[in-house]
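Q: Pasting in a structure now, in structure tokens, and then I'll have a few things to ask.
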Amino acid sequence: MTISLADLQQKFVSALLIPDETETIAGYFSSPEAKGRFSYYRGNLTAIWNSALKNAYPVLFQLVGAEFFEQMAKAYGRAYPSQSGDLNELGGQLPQFLIDSGITKDYPYFYDLAVLEWQLHKAYYAADDPILTLPSFVSAMEQKGLALSEAGLSMHAAVSLHQSDWATVDIWTVHQGSDTPSFDGSLKKACFGVVTRPDWLVSVTALEELAYIALRALQDGRSLGDALETVLQHDPDFSIGSHLSQWFTLGIFSSIKTE
């Protein structure tokens, strides 16, 4: 039988992902043991999927357990074959997979938790942007002769905002540094957070809703003055100073945008 290398590689991949197709490729190999070896190849592939997804979704792994997670990884790998040579990119569709597979029917908060874990995973591998400090921001605006309120602020490449109708930030937090985490709060609770990576330590910090709104406005290109004015209309007592201090300490911004 004659077959091109590209077609043979495609058939090999299909046989790995779909066991029933093993018969279609076994005849292309001279060794009578070729067919049996596919079970070993599939085992290695499943182990790779499981390891990559466990690395990206450690809290989800703790919640469902090792056995269930391995079966989920196997099903996910077959449903969403890797499109990249970088295994760190493998789990990008897992939140959608949780919906497609029906897992979120019994555990509806899993989707938003997976979204948050993927944000954290991506943050670790994001570009190494400079971090804008508060003193540097104030000094730069003074040198330009501009008020702080006139500035726009670009977010660091590792930073992303998170919002959920479930207590995803709290769930993630209680699973850090404990072998026997317990969550006693209400799962059905709106939460807001910001993913950051100061000093290469990826984390998520809970935010007040108005702080989240202000940061979202900045992310959308609004000036600092406009963003703060929006939240002050909702709460005149919103503490500008303490929130600005927190945001800059977390390393949320990388540069100043001015007209």
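The chains in the structure tokens are called A, B, ... from first to last as shown; in each chain the residues are counted from 1, and the ligands are counted from 1 in the order shown.
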Enumerate the residues of stretch 16-185 of chain A with a DSSP assignment of strand (DSSP E or B), computed from the backbone, and present them as a list in words.
A: Gly152, Leu153, Ser154, Met155, Ser160, Leu161, His162, Gln163 and Ser164 of chain A
Q: Write down as a ChimeraX atom specification the residues belonging to stretch 14-243 of chain A that are assigned alpha helix (DSSP H) by DSSP computed on the backbone.
A: /A:14-17,23-26,34-56,58-64,66-79,94-100,103-106,110-124,134-144,168-174,209-219,224-234,240-243
Q: In Å, with one decimal, what is the gap from atom CA of A:Ser136 to atom CA of A:Gln163?
A: 29.4 Å
Q: Distance atom CA of A:Ile171-atom CA of A:Tyr125, one decimal place?
A: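 Computed distance, atom CA of A:Ile171 to atom CA of A:Tyr125, equals 22.8 Å.
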Q: Find the residues near stretch 203-207 of chain A: any atom within 8 Å, counting only C-alpha atoms, skip ones fewer than 3 places away on the same chain, and give them as a PDB file with C-alpha atoms, in the first residue's frame.
A:
ATOM      1  CA  LEU A 120      -4.461  32.862  36.124  1.00  0.00           C
ATOM      2  CA  VAL A 169     -12.678  34.179  43.882  1.00  0.00           C
ATOM      3  CA  CYS A 191     -17.922  38.407  42.975  1.00  0.00           C
ATOM      4  CA  PHE A 192     -15.397  40.665  41.294  1.00  0.00           C
ATOM      5  CA  GLY A 193     -11.669  40.292  41.087  1.00  0.00           C
ATOM      6  CA  VAL A 194      -8.470  41.230  39.310  1.00  0.00           C
ATOM      7  CA  VAL A 195      -5.767  38.775  38.246  1.00  0.00           C
ATOM      8  CA  THR A 196      -2.238  40.158  38.675  1.00  0.00           C
ATOM      9  CA  ARG A 197       1.378  38.981  38.607  1.00  0.00           C
ATOM     10  CA  ALA A 211     -13.614  49.221  41.936  1.00  0.00           C
ATOM     11  CA  TYR A 212     -14.247  46.615  39.267  1.00  0.00           C
TER      12      TYR A 212
END
Q: Could you give me, as CSV, a per-residue list for stretch 42-150 of chain A showing, wherever an atom lies at most 8 Å from an atom of stretch 223-241 of chain A, the closest pair of atoms and their distance in Å to one decimal, using only C-alpha atoms and sorting by chain then residue number from low to high?
A:
residue,atom,partner,partner_atom,distance
A:Leu148,CA,A:Leu224,CA,7.2
A:Ser149,CA,A:Gly225,CA,4.0
A:Glu150,CA,A:Ser223,CA,5.8
Q: Rank A:Gln62, A:Ser139, A:Gln10, A:Ser255 by their smallest atom-to-atom distance to A:Trp172, using only C-alpha atoms, and report the top residue only.
A: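 Among the listed residues, the smallest separation from A:Trp172 belongs to A:Gln62.
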Q: Show me, as an NGL selection string, the residues that have an atom within 12 Å of stretch 111-116 of chain A when counting only C-alpha atoms, minus same-chain residues fewer than 4 positions from it.
A: :A and (53-54 or 56-61 or 63 or 91-107 or 120-123 or 159-173 or 175 or 187-188 or 190-196 or 202-205)
Q: Quick one: distance from atom CA of A:Gln176 to atom CA of A:Val64 in Å, one decimal?
A: 16.0 Å
Q: Please identify all polymer residues within 9 Å of A:Glu89, counting only C-alpha atoms, omitting same-chain residues fewer than 4 positions from it, and present them as an mmCIF file with N, CA and C atoms, in the first residue's frame.
A:
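In the end it all went to around-v8.cif:
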data_model
loop_
_atom_site.group_PDB
_atom_site.id
_atom_site.type_symbol
_atom_site.label_atom_id
_atom_site.label_comp_id
_atom_site.auth_asym_id
_atom_site.auth_seq_id
_atom_site.Cartn_x
_atom_site.Cartn_y
_atom_site.Cartn_z
ATOM 1 N N ALA A 52 -1.074 18.418 31.660
ATOM 2 C CA ALA A 52 -1.197 19.806 31.196
ATOM 3 C C ALA A 52 -2.424 20.488 31.791
ATOM 4 N N SER A 82 -5.095 19.399 20.485
ATOM 5 C CA SER A 82 -4.197 20.549 20.570
ATOM 6 C C SER A 82 -3.960 21.175 19.199
ATOM 7 N N GLN A 83 -4.034 22.481 19.148
ATOM 8 C CA GLN A 83 -3.783 23.232 17.918
ATOM 9 C C GLN A 83 -2.452 23.967 17.985
ATOM 10 N N SER A 84 -1.664 23.676 19.029
ATOM 11 C CA SER A 84 -0.415 24.381 19.244
ATOM 12 C C SER A 84 0.657 23.410 19.704
ATOM 13 N N GLY A 85 1.895 23.728 19.385
ATOM 14 C CA GLY A 85 3.006 22.943 19.885
ATOM 15 C C GLY A 85 3.317 23.227 21.341
ATOM 16 N N LYS A 122 -2.931 31.931 32.087
ATOM 17 C CA LYS A 122 -2.436 32.804 31.026
ATOM 18 C C LYS A 122 -1.594 33.943 31.593
#
Q: As a JSON list (two decimals) with C-alpha atoms, in the first residue's frame, please: the residues near A:Ser245 (cut-off 12 Å, only C-alpha atoms, same-chain neighbours under 3 positions excluded).
A:
[["chain", "number", "residue", "atom", "x", "y", "z"],
["A", 132, "LEU", "CA", 4.00, 51.41, 36.59],
["A", 133, "THR", "CA", 4.35, 52.53, 40.21],
["A", 134, "LEU", "CA", 2.27, 55.28, 41.80],
["A", 135, "PRO", "CA", 5.27, 57.60, 42.38],
["A", 137, "PHE", "CA", 2.83, 57.89, 37.56],
["A", 138, "VAL", "CA", 2.57, 61.08, 39.63],
["A", 239, "SER", "CA", -12.14, 56.01, 48.59],
["A", 240, "ILE", "CA", -10.05, 57.13, 45.63],
["A", 241, "GLY", "CA", -6.77, 57.21, 47.52],
["A", 242, "SER", "CA", -6.96, 53.75, 49.03],
["A", 248, "PHE", "CA", -0.62, 50.34, 41.85],
["A", 249, "THR", "CA", 0.65, 48.03, 44.60],
["A", 250, "LEU", "CA", -0.85, 45.09, 42.72],
["A", 251, "GLY", "CA", 1.03, 46.13, 39.59],
["A", 252, "ILE", "CA", -2.11, 46.52, 37.49],
["A", 253, "PHE", "CA", -0.76, 49.19, 35.14]]
